[in-house]
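Q: Data file final-v4.cif (mmCIF, C-alpha atoms and all ligand atoms) is appended below.
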data_data
#
loop_
_atom_site.group_PDB
_atom_site.id
_atom_site.type_symbol
_atom_site.label_atom_id
_atom_site.label_comp_id
_atom_site.auth_asym_id
_atom_site.auth_seq_id
_atom_site.Cartn_x
_atom_site.Cartn_y
_atom_site.Cartn_z
ATOM 1 C CA MET A 417 51.606 -14.135 125.388
ATOM 2 C CA THR A 418 51.061 -13.259 121.702
ATOM 3 C CA GLN A 419 48.262 -15.809 121.609
ATOM 4 C CA MET A 420 46.654 -14.194 124.628
ATOM 5 C CA ARG A 421 46.830 -10.788 122.964
ATOM 6 C CA LEU A 422 45.270 -12.229 119.835
ATOM 7 C CA CYS A 423 42.459 -13.651 121.949
ATOM 8 C CA LEU A 424 41.893 -10.242 123.486
ATOM 9 C CA VAL A 425 41.779 -8.548 120.095
ATOM 10 C CA LEU A 426 39.406 -11.165 118.705
ATOM 11 C CA GLY A 427 37.258 -10.935 121.815
ATOM 12 C CA LEU A 428 37.054 -7.157 121.557
ATOM 13 C CA ALA A 429 36.276 -7.333 117.857
ATOM 14 C CA SER A 430 33.420 -9.724 118.466
ATOM 15 C CA VAL A 431 31.999 -7.500 121.213
ATOM 16 C CA LEU A 432 32.218 -4.442 118.955
ATOM 17 C CA GLY A 433 30.767 -6.414 116.075
ATOM 18 C CA ALA A 434 27.796 -7.308 118.256
ATOM 19 C CA LEU A 435 27.055 -3.675 119.173
ATOM 20 C CA PRO A 436 25.344 -2.485 115.986
ATOM 21 C CA SER A 437 22.977 -5.450 116.023
ATOM 22 C CA LEU A 438 22.109 -4.628 119.636
ATOM 23 C CA ALA A 439 21.326 -1.040 118.705
ATOM 24 C CA GLN A 440 18.989 -2.248 115.960
ATOM 25 C CA ASP A 441 16.603 -4.233 118.127
ATOM 26 C CA SER A 442 13.790 -2.171 116.656
ATOM 27 C CA PRO A 443 13.946 -0.804 113.089
ATOM 28 C CA PHE A 444 13.101 2.633 114.514
ATOM 29 C CA ALA A 445 16.177 2.483 116.755
ATOM 30 C CA GLU A 446 18.626 2.333 113.865
ATOM 31 C CA GLN A 447 20.960 5.292 114.105
ATOM 32 C CA PRO A 448 21.195 7.730 111.216
ATOM 33 C CA TYR A 449 24.193 7.452 108.888
ATOM 34 C CA GLN A 450 26.845 9.923 110.079
ATOM 35 C CA GLY A 451 29.409 9.799 107.274
ATOM 36 C CA THR A 452 32.746 7.981 107.238
ATOM 37 C CA GLY A 453 35.076 8.534 110.151
ATOM 38 C CA ASN A 454 32.230 9.642 112.377
ATOM 39 C CA ARG A 455 30.681 6.445 113.592
ATOM 40 C CA GLN A 456 30.696 6.978 117.325
ATOM 41 C CA PRO A 457 27.790 5.418 119.133
ATOM 42 C CA MET A 458 25.055 7.817 120.265
ATOM 43 C CA LEU A 459 25.454 9.074 123.800
ATOM 44 C CA LEU A 460 21.917 8.017 124.645
ATOM 45 C CA ALA A 461 20.411 4.952 123.065
ATOM 46 C CA LEU A 462 16.781 5.241 122.026
ATOM 47 C CA ALA A 463 15.824 2.824 124.793
ATOM 48 C CA ASP A 464 17.568 5.158 127.304
ATOM 49 C CA LEU A 465 15.553 8.154 126.089
ATOM 50 C CA MET A 466 12.456 5.974 126.350
ATOM 51 C CA SER A 467 13.252 5.050 129.938
ATOM 52 C CA LEU A 468 13.403 8.786 130.714
ATOM 53 C CA ALA A 469 10.076 9.218 128.910
ATOM 54 C CA GLN A 470 8.689 6.434 131.081
ATOM 55 C CA ASP A 471 9.759 8.285 134.259
ATOM 56 C CA ARG A 472 8.181 11.495 132.999
ATOM 57 C CA HIS A 473 4.979 9.686 132.087
ATOM 58 C CA ILE A 474 4.722 8.662 135.773
ATOM 59 C CA LYS A 475 5.603 12.145 137.076
ATOM 60 C CA LEU A 476 3.086 13.721 134.749
ATOM 61 C CA TRP A 477 0.364 11.416 136.006
ATOM 62 C CA GLN A 478 1.296 11.975 139.636
ATOM 63 C CA ALA A 479 1.365 15.769 139.240
ATOM 64 C CA GLY A 480 -2.051 15.684 137.518
ATOM 65 C CA LYS A 481 -3.514 13.461 140.222
ATOM 66 C CA ALA A 482 -2.320 15.956 142.862
ATOM 67 C CA ASN A 483 -3.705 18.959 140.861
ATOM 68 C CA HIS A 484 -0.167 20.313 140.738
ATOM 69 C CA TYR A 485 -0.644 22.054 137.406
ATOM 70 C CA ALA A 486 2.641 23.982 137.317
ATOM 71 C CA LEU A 487 4.425 20.634 137.479
ATOM 72 C CA VAL A 488 2.040 19.106 134.908
ATOM 73 C CA THR A 489 3.017 21.829 132.407
ATOM 74 C CA TYR A 490 6.706 21.368 133.190
ATOM 75 C CA GLU A 491 6.667 17.579 132.806
ATOM 76 C CA ALA A 492 4.561 17.756 129.626
ATOM 77 C CA ASN A 493 7.198 20.059 128.090
ATOM 78 C CA LYS A 494 10.058 17.797 129.159
ATOM 79 C CA LEU A 495 8.338 14.693 127.820
ATOM 80 C CA SER A 496 7.648 16.416 124.523
ATOM 81 C CA ASP A 497 11.317 17.426 124.363
ATOM 82 C CA SER A 498 12.497 13.835 125.034
ATOM 83 C CA LEU A 499 10.280 12.453 122.281
ATOM 84 C CA TYR A 500 11.389 15.128 119.779
ATOM 85 C CA ARG A 501 15.003 14.389 120.612
ATOM 86 C CA ALA A 502 14.343 10.707 120.014
ATOM 87 C CA ALA A 503 12.774 11.524 116.643
ATOM 88 C CA SER A 504 15.639 13.780 115.573
ATOM 89 C CA LEU A 505 18.358 11.352 116.680
ATOM 90 C CA TYR A 506 16.720 8.329 115.132
ATOM 91 C CA SER A 507 15.721 9.150 111.591
ATOM 92 C CA ASN A 508 13.569 6.045 111.058
ATOM 93 C CA ILE A 509 10.967 7.087 113.608
ATOM 94 C CA PRO A 510 7.726 7.976 111.805
ATOM 95 C CA VAL A 511 6.886 11.625 112.472
ATOM 96 C CA PRO A 512 3.067 11.137 112.670
ATOM 97 C CA LEU A 513 3.554 8.770 115.595
ATOM 98 C CA VAL A 514 5.594 11.394 117.452
ATOM 99 C CA LYS A 515 3.019 14.062 116.580
ATOM 100 C CA ALA A 516 0.241 11.949 118.095
ATOM 101 C CA THR A 517 2.029 12.013 121.460
ATOM 102 C CA ASP A 518 2.672 15.717 121.058
ATOM 103 C CA GLU A 519 -0.986 16.469 120.398
ATOM 104 C CA ALA A 520 -1.943 14.638 123.579
ATOM 105 C CA LEU A 521 0.767 16.558 125.456
ATOM 106 C CA MET A 522 -0.545 19.863 124.137
ATOM 107 C CA ARG A 523 -4.024 18.932 125.370
ATOM 108 C CA ILE A 524 -2.473 18.070 128.737
ATOM 109 C CA SER A 525 -0.873 21.537 128.925
ATOM 110 C CA ALA A 526 -4.179 23.156 127.913
ATOM 111 C CA ALA A 527 -5.968 21.191 130.655
ATOM 112 C CA ALA A 528 -3.342 22.388 133.137
ATOM 113 C CA ASP A 529 -3.888 26.022 132.082
ATOM 114 C CA LYS A 530 -7.600 25.554 132.783
ATOM 115 C CA ARG A 531 -6.909 23.476 135.893
ATOM 116 C CA ASN A 532 -9.304 20.901 134.506
ATOM 117 C CA GLY A 533 -8.759 17.427 136.008
ATOM 118 C CA ALA A 534 -11.213 15.614 133.710
ATOM 119 C CA GLU A 535 -9.551 17.009 130.584
ATOM 120 C CA PHE A 536 -6.156 16.126 131.986
ATOM 121 C CA GLN A 537 -7.218 12.519 132.511
ATOM 122 C CA SER A 538 -8.717 12.164 129.061
ATOM 123 C CA ALA A 539 -5.599 13.628 127.392
ATOM 124 C CA PHE A 540 -3.352 11.444 129.558
ATOM 125 C CA ARG A 541 -5.253 8.345 128.361
ATOM 126 C CA ASP A 542 -4.668 9.436 124.759
ATOM 127 C CA LEU A 543 -0.994 10.023 125.475
ATOM 128 C CA THR A 544 -0.630 6.457 126.738
ATOM 129 C CA ILE A 545 -2.497 5.153 123.673
ATOM 130 C CA ALA A 546 -0.062 7.129 121.470
ATOM 131 C CA CYS A 547 2.964 5.628 123.291
ATOM 132 C CA ASN A 548 1.628 2.153 122.606
ATOM 133 C CA ALA A 549 0.641 2.910 119.000
ATOM 134 C CA CYS A 550 4.280 3.637 118.206
ATOM 135 C CA HIS A 551 5.495 0.579 120.080
ATOM 136 C CA GLN A 552 3.104 -1.566 118.070
ATOM 137 C CA ALA A 553 4.263 0.034 114.811
ATOM 138 C CA ALA A 554 7.870 -0.592 115.848
ATOM 139 C CA GLY A 555 7.240 -4.300 116.407
ATOM 140 C CA LEU A 556 7.367 -3.735 120.163
ATOM 141 C CA ALA A 557 3.779 -4.561 121.085
ATOM 142 C CA PHE A 558 5.218 -6.210 124.200
ATOM 143 C CA VAL A 559 6.331 -2.806 125.606
ATOM 144 C CA LYS A 560 2.909 -1.902 127.010
ATOM 145 C CA ILE A 561 2.573 1.438 128.772
ATOM 146 C CA LYS A 562 -0.383 1.939 131.096
ATOM 147 C CA THR A 563 -1.703 4.492 133.543
ATOM 148 C CA PRO A 564 0.498 4.223 136.631
ATOM 149 C CA THR A 565 -1.031 2.926 139.844
ATOM 150 C CA SER A 566 1.722 4.264 142.102
ATOM 151 C CA SER A 567 4.952 6.186 141.783
ATOM 152 C CA PRO A 568 8.544 5.257 142.666
ATOM 153 C CA PHE A 569 9.452 8.950 143.152
ATOM 154 C CA THR A 570 9.278 9.094 146.923
ATOM 155 C CA ASN A 571 11.986 11.795 147.044
ATOM 156 C CA GLN A 572 9.844 14.414 145.276
ATOM 157 C CA ASP A 573 6.901 16.300 146.724
ATOM 158 C CA PHE A 574 4.070 16.385 144.189
ATOM 159 C CA THR A 575 1.714 18.645 146.130
ATOM 160 C CA PRO A 576 1.062 22.095 144.632
ATOM 161 C CA ASN A 577 2.839 25.101 146.157
ATOM 162 C CA GLN A 578 0.619 27.223 148.366
HETATM 163 C C1 LIG A 601 7.398 7.452 117.762
HETATM 164 C C2 LIG A 601 7.629 6.190 118.416
HETATM 165 C C3 LIG A 601 7.546 6.042 119.891
HETATM 166 C C4 LIG A 601 6.754 6.745 120.784
HETATM 167 C C5 LIG A 601 5.783 7.867 120.490
HETATM 168 C C6 LIG A 601 7.041 6.195 122.083
HETATM 169 N N1 LIG A 601 7.959 5.198 122.014
HETATM 170 FE FE1 LIG A 601 8.699 4.147 123.548
HETATM 171 N N2 LIG A 601 9.864 3.084 122.280
HETATM 172 C C7 LIG A 601 9.947 3.290 120.911
HETATM 173 C C8 LIG A 601 10.952 2.404 120.357
HETATM 174 C C9 LIG A 601 11.349 2.301 118.883
HETATM 175 C C10 LIG A 601 11.475 1.664 121.431
HETATM 176 C C11 LIG A 601 12.565 0.580 121.370
HETATM 177 C C12 LIG A 601 13.930 1.181 121.600
HETATM 178 C C13 LIG A 601 15.008 0.128 121.541
HETATM 179 O O1 LIG A 601 14.773 -1.015 121.979
HETATM 180 O O2 LIG A 601 16.090 0.441 121.079
HETATM 181 C C14 LIG A 601 10.747 2.101 122.622
HETATM 182 C C15 LIG A 601 10.951 1.582 123.865
HETATM 183 C C16 LIG A 601 10.305 2.008 125.013
HETATM 184 C C17 LIG A 601 10.509 1.470 126.341
HETATM 185 C C18 LIG A 601 11.431 0.323 126.704
HETATM 186 C C19 LIG A 601 12.763 0.891 127.157
HETATM 187 C C20 LIG A 601 13.489 -0.025 128.093
HETATM 188 O O3 LIG A 601 14.723 0.112 128.154
HETATM 189 O O4 LIG A 601 12.874 -0.829 128.785
HETATM 190 C C21 LIG A 601 9.728 2.182 127.205
HETATM 191 C C22 LIG A 601 9.598 1.986 128.705
HETATM 192 C C23 LIG A 601 9.037 3.175 126.430
HETATM 193 N N3 LIG A 601 9.398 3.036 125.102
HETATM 194 C C24 LIG A 601 8.185 4.121 126.980
HETATM 195 C C25 LIG A 601 7.467 5.031 126.213
HETATM 196 C C26 LIG A 601 6.503 5.964 126.757
HETATM 197 C C27 LIG A 601 6.134 6.094 128.223
HETATM 198 C C28 LIG A 601 6.014 6.658 125.696
HETATM 199 C C29 LIG A 601 4.973 7.736 125.695
HETATM 200 C C30 LIG A 601 5.049 8.808 126.626
HETATM 201 C C31 LIG A 601 6.678 6.172 124.494
HETATM 202 N N4 LIG A 601 7.546 5.189 124.850
HETATM 203 C C32 LIG A 601 6.433 6.664 123.228
HETATM 204 C C33 LIG A 601 9.217 4.161 120.163
HETATM 205 C C34 LIG A 601 8.292 5.067 120.684
#
Would you mind writing the file's structure down as structure tokens?
A:
Amino acid sequence: MTQMRLCLVLGLASVLGALPSLAQDSPFAEQPYQGTGNRQPMLLALADLMSLAQDRHIKLWQAGKANHYALVTYEANKLSDSLYRAASLYSNIPVPLVKATDEALMRISAAADKRNGAEFQSAFRDLTIACNACHQAAGLAFVKIKTPTSSPFTNQDFTPNQ
């Protein structure tokens, strides 16, 4: 019985010991130092925030393709927010690489204000390039973002309101 308990404790310790190394898959994903006694894991891992950014990248593209500019503006704001959150939670992330995505997102919003499809597409291309530039800098050249060819969001209507 005691031996079994010891096994459990050792097992748990090895799982917990493995966690920090998991969180540090990329040097940018290393969590900021939070002071002693306050070492709880982040609620959202960087990769989780990135998966949300990936969803929004698709929604943004789909809204732009459908000329649904109110939704384009909304998704551009949300994506910008996700990336800023990522940068403020994870102190190693280089700010210029976040700014590059933000500049593209600002051009996307400007294109939406003008309802200009060509400008939207050009800014969207630059956004995707900026996503990949950071992945390359982070040693994650294998996470390759591209312009979507279809969308998994079949439960959302992307056509503009009349
Ligand atoms: C400033 C840096 C930076 C920018 C900009 C950035 N990423 Fe990332 N991304 C990362 C890092 C670092 C990781 C690795 C996180 C990890 O593994 O802990 C990552 C991982 C990912 C992943 C893999 C997550 C998974 O669980 O499969 C996806 C997808 C992703 N990013 C999408 C995007 C998209 C889409 C954009 C642009 C809209 C973007 N990223 C912009 C730094 C960035």
Q: Once the PyMOL selection byres (((chain A and resi 551) around 12) and not hetatm) is applied to the coordinates I shared, what remains selected? I want it as a ChimeraX atom specification.
A: /A:442-445,463,466,509-510,513-514,544-550,552-561
Q: How about saving the chosen residues, C-alpha atoms kept, as a JSON list (two decimals), in the coordinates of the input?
A:
[["chain", "number", "residue", "atom", "x", "y", "z"],
["A", 442, "SER", "CA", 13.79, -2.17, 116.66],
["A", 443, "PRO", "CA", 13.95, -0.80, 113.09],
["A", 444, "PHE", "CA", 13.10, 2.63, 114.51],
["A", 445, "ALA", "CA", 16.18, 2.48, 116.76],
["A", 463, "ALA", "CA", 15.82, 2.82, 124.79],
["A", 466, "MET", "CA", 12.46, 5.97, 126.35],
["A", 509, "ILE", "CA", 10.97, 7.09, 113.61],
["A", 510, "PRO", "CA", 7.73, 7.98, 111.80],
["A", 513, "LEU", "CA", 3.55, 8.77, 115.60],
["A", 514, "VAL", "CA", 5.59, 11.39, 117.45],
["A", 544, "THR", "CA", -0.63, 6.46, 126.74],
["A", 545, "ILE", "CA", -2.50, 5.15, 123.67],
["A", 546, "ALA", "CA", -0.06, 7.13, 121.47],
["A", 547, "CYS", "CA", 2.96, 5.63, 123.29],
["A", 548, "ASN", "CA", 1.63, 2.15, 122.61],
["A", 549, "ALA", "CA", 0.64, 2.91, 119.00],
["A", 550, "CYS", "CA", 4.28, 3.64, 118.21],
["A", 552, "GLN", "CA", 3.10, -1.57, 118.07],
["A", 553, "ALA", "CA", 4.26, 0.03, 114.81],
["A", 554, "ALA", "CA", 7.87, -0.59, 115.85],
["A", 555, "GLY", "CA", 7.24, -4.30, 116.41],
["A", 556, "LEU", "CA", 7.37, -3.74, 120.16],
["A", 557, "ALA", "CA", 3.78, -4.56, 121.08],
["A", 558, "PHE", "CA", 5.22, -6.21, 124.20],
["A", 559, "VAL", "CA", 6.33, -2.81, 125.61],
["A", 560, "LYS", "CA", 2.91, -1.90, 127.01],
["A", 561, "ILE", "CA", 2.57, 1.44, 128.77]]
Q: Rank A:Tyr500, A:Phe569, A:Trp477, A:Tyr506 by their smallest atom-to-atom distance to Ile524 of chain A, using all atoms listed in the file, and report the top residue only.
A: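 Once distances to Ile524 of chain A are computed over all atoms listed in the file, the minimum belongs to A:Trp477.
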Q: Can you work out the spacing between atom CA of Pro512 of chain A and atom CA of Pro564 of chain A in Å, to one decimal?
A: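 Value for the atom CA of Pro512 of chain A-atom CA of Pro564 of chain A distance: 25.1 Å.
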Q: Take atom CA of Asp464 of chain A and atom CA of Ser525 of chain A and report the distance between them in Å, one decimal.
A: 24.7 Å
Q: Just give me the gap between atom O3 of ligand LIG 601 (chain A) and atom CA of Arg523 of chain A in Å, one decimal is fine.
A: 26.7 Å
